[in-house]
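See below for the structure under consideration.
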Amino acid sequence: MIEFRNISKVYKMGEVEFVALKGVFITVQKGDFISIMGPSGSGKSTLMNIIGCLDTPTEGSYYLDGENVSGLTFDQLSTIRNRKVGFVFQNFNLLPYATAFENIELPMLFNGKKGSERKRRVDELLDMVGLSPWARHRPTEMSGGQQQRVAIARALAMDPPIILADEPTGNLDSKSGHEIMDIFSRLWNGGRTILMVTHDPAIASYSKSTIRLLDGAVQENGAAH
Amino acid sequence: MRVQLLHLFWNESRKRRKKTSLITFAIAWGALSLLLMMSFGRGLSNAASVNFKGLSNTIIMVSRGQTSKPYQGLPRARRIHIHLEDLELLKRQIPGIVMISPEANNSHNISYRGKETNRSINGVYPCFGEMRSQIPEAGGRFINDLDQENARRVAFIGWSVAKELFGDGDPVGKDIRIERTPFTVVGVLKKKQQGSTYQGPDSETVYIPFSTFCQIDFQRFLDRIHIRPADPREALFMENQVRRVLGRKYRFADDDAYAVNFWNTIRDYETGAKIFKGIEIFLTIMGGLTMLIGAVGVTNLMYAIAKERTREIGIKMALGARRQHIVQQFFLETFAIFFKGTLWGALLAFDIVGLVNRIPIGYEDYGIKSYFMRPIFSFDILLIFLAVLCALVFVSGIFPALRASRQNPIVALRYE
């Protein structure tokens with residue numbers, strides 16, 4: 001489903017070059033649940049950004065669902081992000097002035113879904129993450145765990161096959177963290193492919209396997225839990 | 001624009017009302033200035049045009065003069081008078097004349113049932129009425145061909161003469177006396193703005209058939225001839241033709257500008273119209289510049305909003321927003337600020353114009369009031385305004401919108 005062929009990413013800051021990824025080969029099958037671990041600066045975020053089509057590799061090819069997406073335009077990548085990938089961030093990244101309902105319907109607005117369809121889907125997702133009574137509340141009125149559940153619901157709005165989570169429990173207490181991981185487990189059991197960056201071995205233990213990065217290269221791939 | 005995105009925009013703009021209120025005021029002020037400048041400018045042009053037409057903008061008037069240079073052995077400073085038979089001569093020799101009328105006048109005593117006054121009595125042909133904007137009040141008429149043919153004792157009087165002799169009564173059909181000769185009033189001049197005159201305003205004048213005038217006041221010379229050319233564009237050409245024809249008869253040079261005097265209302269009107277159009281354009285530009293200052297403010301605000309919302313834009317891009325979604329949203333927001341400001345400005349402008357137009361101006365008031373107190377809104381003013389508005393929305397929205405949409409989503413997501 002996800003295939004990296006010799007992917008490198010080099011950032012240029014003036015004269016200085018910074019190699020974030022060098023010659024990475026990864027294959028992720030449909031239905032995998034993979035943790036990505038590694039110290040700061042090891043290239044985890046860059047890897048996630050390229051997988052999520054937020055960034056493009058400097059070298060190498062990235063195949064998503066058999067399609068080479070390394071050379072696509074910004075708008076083509078936007079469409080892929082909208083339909084195939086759901087992002088869950090460490091700091092939730094909800095729009096502060098919008099209610100839970102409005103946050104969740106956002107990806108559907110970019111896709112032009114009709115109002116009735118949006119409402120049905122948002123209600124369904126709110127129910128799934130157990131926040132139906134909170135539909136009209138804004139992020140500032142919710143706990144971190146609740147906000148992250150809204151973010152997960154938003155990531156699922158377009159029913160994408162892949163969920164990318166960047167330290168989804170990083171800002172949560174351990175109880176909320178495990179609640180979130182329970183939701184991820186359910187999603188995985190439902191057939192979704194999940195990639196998750198984490199520092200926490202306890203959180204990583206929810207996943208099926210782990211990719212370890214060090215200095216932009218894959219150090220260990222596929223260690224099963 | 002998709003309805004869904006409008007919905008999104010609405011959610012977001014609710015949050016920013018306070019920040020935009022000052023800039024909305026600036027736009028309102030700009031729109032108000034532009035609309036008022038255009039409206040007053042157009043009113044000014046229009047008032048000038050109306051005042052011109054009160055006299056006429058379709059005729060050339062010829063009156064006596066004095067030669068300014070020697071010609072064929074004749075000295076300069078000879079008086080040149082014009083005569084009734086010159087009308088026939090001019091008509092015969094210049095085919096472009098469609099109407100021609102003599103005018104001779106003198107001050108005479110007029111009375112009605114004991115009320116007496118002294119007024120200018122003018123003898124003219126029936127076509128004078130059309131040439132010199134002598135429109136009768138309902139129920140009356142101007143002098144006609146039968147009046148002229150039969151030298152009928154009929155009179156067409158100005159409204160202030162009517163007021164003086166008849167008060168509020170209807171003069172039509174009544175007999176007035178001019179130097180003890182009875183004349184029947186056949187019409188009263190309808191009120192009009194008249195910006196210029198040669199022997200007092202038409203409102204204070206009495207017109208009678210030229211043939212009748214000759215019976216009560218014998219004059220050897222005409223005071224002036226009124227000529228309407230078939231084609232107003234040939235006004236100057238006709239003036240020169242008239243000068244040449246009269247020059248041959250009275251023996252003065254073709255280029256002697258003072259031998260007979262011309263008042264070319266067609267050319268004066270054109271020149272005046274150009275000047276007032278120029279003022280109108282100048283005012284429009286001034287108003288537009290005022291609005292431009294507001295637009296610069298909007299651009300600044302939109303840049304600030306783009307920066308403030310960097311992270312939000314990153315989030316949206318991660319969720320699948322295309323560049324056009326970001327651009328559209330910024331444009332919509334720019335438009336909303338303009339729309340709101342413009343709405344306030346326009347409503348105020350309409351009110352001000354409405355109120356100013358309620359200020360009464362008398363028909364004899366040819367002062368500054370008659371020029372400045374009649375602002376006008378018209379369809380083309382609205383079109384110009386909308387065009388300026390669209391241009392400003394586009395110019396002030398496009399750069400912030402493009403900057404916002406061209407951000408790198410990763411950098412934007414990290415923005416604090």
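By order of appearance in the structure tokens: chains A, B, ..., then residues from 1 within every chain, and ligands from 1 in the order shown.
Here is the contact set of chain A against chain B, at 6 Å and counting only C-alpha atoms: Asp75, Ser78, Thr79, Arg81, Asn82, Pro107, Leu109 and Phe110 of chain A.
The residues of range 92-171 of chain B that DSSP assigns to helix (DSSP H, G or I) on this backbone come out as Arg92, Gln93, Phe128, Gly129, Glu130, Met131, Asp145, Leu146, Asp147, Gln148, Glu149, Trp159, Ser160, Val161, Ala162, Lys163, Glu164, Leu165 and Phe166 of chain B.
The shortest atom-to-atom distance to Glu88 in chain B, with only C-alpha atoms taken into account, belongs to B:Leu246 out of B:Leu246, B:Thr67, B:Pro171, B:Val327.
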CA of Met61 in chain B and CA of Thr265 in chain B are how many Å apart?
->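 Computed distance, CA of Met61 in chain B to CA of Thr265 in chain B, equals 7.7 Å.
Taking CA of Arg153 in chain B and CA of Pro182 in chain B as endpoints, the distance between them is 7.1 Å.
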Smallest atom-to-atom distance to Val88 in chain A: which of A:Ala204, A:Ala20, A:Ala155, A:Met13, using only C-alpha atoms?
->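 Comparing A:Ala204, A:Ala20, A:Ala155, A:Met13 against Val88 in chain A, the winner is A:Ala155.
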Near Arg5 in chain A, within 7 Å and counting only C-alpha atoms, which residues show up once chain neighbours fewer than 5 positions away are dropped, as a VMD selection string?
-> chain A and resid 24 to 25 60 to 62
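Closest approach to Ile51 in chain A among A:Asn91, A:Ser207, A:Gly177, A:Met196 is made by A:Met196 (distances from only C-alpha atoms).
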Do a neighbour search on Glu124 in chain A at 12 Å with only C-alpha atoms, toss out local chain neighbours closer than 5 positions, and write the hits as a count of residues only.
-> 16
Name all residues at most 7 Å from Arg228 in chain B (count only C-alpha atoms; drop same-chain ones fewer than 5 positions away) and give them as a PyMOL selection string.
-> chain B and resi 58-60+97-100
Emit the selected residues as a short mmCIF file (atom, residue, chain, number, x, y, z; two decimals), in the first residue's frame, including N, CA and C atoms.
data_model
loop_
_atom_site.label_atom_id
_atom_site.label_comp_id
_atom_site.auth_asym_id
_atom_site.auth_seq_id
_atom_site.Cartn_x
_atom_site.Cartn_y
_atom_site.Cartn_z
N THR B 58 -28.88 75.26 -28.93
CA THR B 58 -29.02 74.79 -30.31
C THR B 58 -28.96 75.92 -31.32
N ILE B 59 -28.66 77.13 -30.84
CA ILE B 59 -28.76 78.26 -31.78
C ILE B 59 -27.52 79.13 -31.80
N ILE B 60 -27.47 79.94 -32.89
CA ILE B 60 -26.45 80.98 -32.99
C ILE B 60 -27.20 82.30 -33.01
N ILE B 97 -29.58 76.23 -42.71
CA ILE B 97 -30.42 76.86 -41.68
C ILE B 97 -31.79 76.20 -41.65
N VAL B 98 -32.19 75.65 -40.50
CA VAL B 98 -33.53 75.05 -40.41
C VAL B 98 -34.54 75.99 -39.78
N MET B 99 -34.07 76.87 -38.89
CA MET B 99 -34.99 77.83 -38.29
C MET B 99 -34.28 79.16 -38.19
N ILE B 100 -35.08 80.22 -38.35
CA ILE B 100 -34.49 81.56 -38.22
C ILE B 100 -35.57 82.51 -37.74
#
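Shell of Asn49 in chain A at 10 Å, with only C-alpha atoms counted and residues fewer than 2 places along the chain excluded, is Gly43, Lys44, Ser45, Thr46, Leu47, Ile51, Gly52, Cys53, Leu54, Asp55, Thr56, Pro57, Phe87, Leu164 and Asp166 of chain A; Ala318, Pro409 and Ile410 of chain B.
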Counting only C-alpha atoms, what is within 8 Å of Thr334 in chain B, bar same-chain residues fewer than 4 positions away, as JSON, numbers by chain?
-> {"B": [298, 302, 330, 338, 393, 396, 397]}
